[in-house]
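A short write-up of the structure that comes next.
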Amino acid sequence: MGTPHPDEDLGEMASTLIEVSAMLVRQLPSRQQMSLTTISTLGRLDREGPQRLTALAAAEGVAQPSMTQLVHKLEAGGLVARRPDPQDGRGCLVEVTAAGRRILTERRRERRDWLAERLAALSDRERGELDAAMRTALPIVRRAVWPGDMLDK
C-alpha cells in the first residue's frame, strides 16, 4: 500500500462534502413544500437581482421550457414578477417579489432554528471545533463551487 493518488484524495474530499450537504438538505425541515429548483431560483433572484429567463435557466441547469413553467407557477403564486428588460424591449426580467423574499426569510429562519437546536446538544468543544471548521471551509467551498461569483465577497 503506497500513498493514495491525489485524485483519490480529492474524490474522497468531494464525497465527504457531498455527504455533509446531502445530510443537511435531507434533514432540514420546510413547511413550504417547494422543490430545490424552486427555492434555488428564488434564492438566486434574491441574491443576484432580476434576470432574463434564459440566463436563469442556464444558471439553474434546467431547460428553458422548464424554467418558463416554473416562473409561471411562481408568478401565479405572487413570488416573482416579470418586468420589461430596459436593455432589450423584446425581453423581460424576472424578479423576486416581497412575498418571495418573505418565503425565503421564513424558510431560512426555520432551518437555522432547527439546526441551532441540534448544535446546542453538542459539547462546547464540539461546537467550537465545528464553528472554526465551517468558518474556514465556507469561503474555500464558495471559491471552489462558484469561482469568481459575487458570493465570494
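Following the order of the C-alpha cells, chains are lettered A, B, ..., residues in each are numbered from 1, and ligands are numbered from 1.
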
Near region 129-151 of chain A, 12 Å: region 43-76 of chain A residue rows, closest pairs, only C-alpha atoms, as CSV:
```
residue,atom,partner,partner_atom,distance
A:Arg44,CA,A:Leu151,CA,10.7
A:Arg47,CA,A:Leu151,CA,8.5
A:Glu48,CA,A:Met150,CA,8.2
A:Gly49,CA,A:Met150,CA,11.6
A:Ala59,CA,A:Trp146,CA,11.1
```

Give one line per residue of region 57-144 of chain A that approaches region 20-38 of chain A to at most 8 Å, naming the two atoms of the closest pair and their distance in Å to one decimal, counting only C-alpha atoms; sort by chain then ascending residue number and deliver it as a Markdown table.
```
| residue | atom | partner | partner_atom | distance |
| --- | --- | --- | --- | --- |
| A:Glu60 | CA | A:Thr37 | CA | 7.2 |
| A:Leu70 | CA | A:Thr38 | CA | 7.2 |
| A:Ile103 | CA | A:Gln32 | CA | 7.9 |
| A:Arg107 | CA | A:Ser30 | CA | 6.4 |
| A:Glu110 | CA | A:Ser30 | CA | 7.3 |
| A:Arg111 | CA | A:Leu28 | CA | 5.8 |
| A:Trp114 | CA | A:Leu28 | CA | 7.2 |
| A:Leu115 | CA | A:Leu28 | CA | 7.5 |
```

Distance criterion (only C-alpha atoms): nearest to Val94 (chain A) out of A:Ala121, A:Ala76, A:Ala116, A:Leu45: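 Using only C-alpha atoms, Val94 (chain A) sits closest to A:Leu45.
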
So, counting only C-alpha atoms, which residue among A:Ser15, A:Gln51, A:His72, A:Leu10 is closest to Gln87 (chain A)?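 Checking each of A:Ser15, A:Gln51, A:His72, A:Leu10 against Gln87 (chain A), counting only C-alpha atoms, the winner is A:Gln51.
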
Need the shell around Ala99 (chain A): protein/DNA/RNA residues with any atom at most 10 Å away, counting only C-alpha atoms. Skip same-chain ones fewer than 5 positions apart. Format as a PyMOL selection string? chain A and resi 77-80+104-105

For the atom pair CA of Ser66 (chain A) and CA of Ile39 (chain A), what is the interatomic distance in Å to one decimal place?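 Spanning CA of Ser66 (chain A) to CA of Ile39 (chain A) is a straight-line distance of 14.6 Å.
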
Helix (DSSP H, G or I) residues, from DSSP on the backbone, in chain A, as a ChimeraX atom specification: /A:6-27,36-48,53-60,64-76,98-120,124-145,150-152

Go through region 24-82 of chain A and collect every residue that DSSP, computed from the backbone, puts in strand (DSSP E); the answer should be as a ChimeraX atom specification. /A:51-52,80-82

Output the selection as a compact mmCIF listing (two decimals), in the first residue's frame - N, CA, C and O atoms for each residue.
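What follows is the written file again_17.txt:
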```txt
# COMPACT_ATOMS: atom_id res chain seq x y z
N GLN A 51 -33.28 38.76 -13.53
CA GLN A 51 -32.56 38.08 -14.61
C GLN A 51 -33.51 37.71 -15.73
O GLN A 51 -34.69 37.50 -15.51
N ARG A 52 -32.94 37.58 -16.91
CA ARG A 52 -33.71 37.08 -18.05
C ARG A 52 -33.96 35.60 -17.83
O ARG A 52 -33.17 34.90 -17.19
N VAL A 80 -42.72 35.79 -7.76
CA VAL A 80 -41.87 36.51 -8.71
C VAL A 80 -42.76 37.37 -9.59
O VAL A 80 -43.97 37.16 -9.67
N ALA A 81 -42.14 38.34 -10.23
CA ALA A 81 -42.84 39.20 -11.18
C ALA A 81 -41.94 39.39 -12.40
O ALA A 81 -40.71 39.27 -12.29
N ARG A 82 -42.56 39.68 -13.51
CA ARG A 82 -41.80 39.99 -14.73
C ARG A 82 -41.94 41.48 -14.99
O ARG A 82 -42.96 42.07 -14.72
```

Find the residues around Thr68 (chain A) up to 9 Å (only C-alpha atoms counted), leave out those fewer than 4 positions away in its own chain, and share them as a PyMOL selection string. chain A and resi 53-54+57+63-64+72-73

Would you mind exporting all heavy atoms of the selected residues as a compact mmCIF listing (two decimals), in the first residue's frame?
```txt
# COMPACT_ATOMS: atom_id res chain seq x y z
N LEU A 53 -35.05 35.13 -18.36
CA LEU A 53 -35.43 33.74 -18.20
C LEU A 53 -34.36 32.79 -18.73
O LEU A 53 -34.05 31.78 -18.10
CB LEU A 53 -36.77 33.50 -18.91
CG LEU A 53 -37.50 32.30 -18.39
CD1 LEU A 53 -38.77 32.74 -17.71
CD2 LEU A 53 -37.83 31.38 -19.53
N THR A 54 -33.77 33.11 -19.87
CA THR A 54 -32.73 32.25 -20.45
C THR A 54 -31.51 32.15 -19.53
O THR A 54 -30.97 31.07 -19.34
CB THR A 54 -32.29 32.76 -21.83
OG1 THR A 54 -31.93 34.14 -21.73
CG2 THR A 54 -33.38 32.60 -22.86
N ALA A 57 -32.46 30.02 -16.46
CA ALA A 57 -32.49 28.59 -16.79
C ALA A 57 -31.07 28.03 -16.86
O ALA A 57 -30.79 26.97 -16.30
CB ALA A 57 -33.22 28.37 -18.12
N ALA A 63 -33.72 23.22 -18.54
CA ALA A 63 -34.10 23.65 -19.88
C ALA A 63 -34.99 24.88 -19.79
O ALA A 63 -35.73 25.06 -18.81
CB ALA A 63 -34.86 22.52 -20.59
N GLN A 64 -34.92 25.72 -20.81
CA GLN A 64 -35.71 26.95 -20.79
C GLN A 64 -37.21 26.69 -20.65
O GLN A 64 -37.87 27.39 -19.87
CB GLN A 64 -35.43 27.80 -22.02
CG GLN A 64 -36.10 29.15 -21.93
CD GLN A 64 -35.68 30.11 -23.02
OE1 GLN A 64 -34.65 29.93 -23.65
NE2 GLN A 64 -36.48 31.13 -23.23
N HIS A 72 -43.86 30.73 -14.43
CA HIS A 72 -45.32 30.91 -14.49
C HIS A 72 -45.95 30.53 -13.15
O HIS A 72 -46.81 31.25 -12.63
CB HIS A 72 -45.95 30.07 -15.60
CG HIS A 72 -45.80 30.64 -16.97
ND1 HIS A 72 -46.27 31.88 -17.33
CD2 HIS A 72 -45.23 30.13 -18.09
CE1 HIS A 72 -46.00 32.12 -18.59
NE2 HIS A 72 -45.35 31.07 -19.07
N LYS A 73 -45.52 29.41 -12.60
CA LYS A 73 -46.06 28.94 -11.31
C LYS A 73 -45.73 29.92 -10.19
O LYS A 73 -46.58 30.27 -9.38
CB LYS A 73 -45.47 27.55 -11.02
CG LYS A 73 -45.90 26.94 -9.72
CD LYS A 73 -45.24 25.57 -9.54
CE LYS A 73 -45.20 25.17 -8.09
NZ LYS A 73 -44.38 24.00 -7.85
```

Record the distance separating CA of Pro86 (chain A) and CA of Leu56 (chain A), expressed in Å with one decimal. 17.0 Å

Just to confirm, what's the straight-line distance from CA of Gly43 (chain A) to CA of Ala55 (chain A) in Å (one decimal)? 14.6 Å
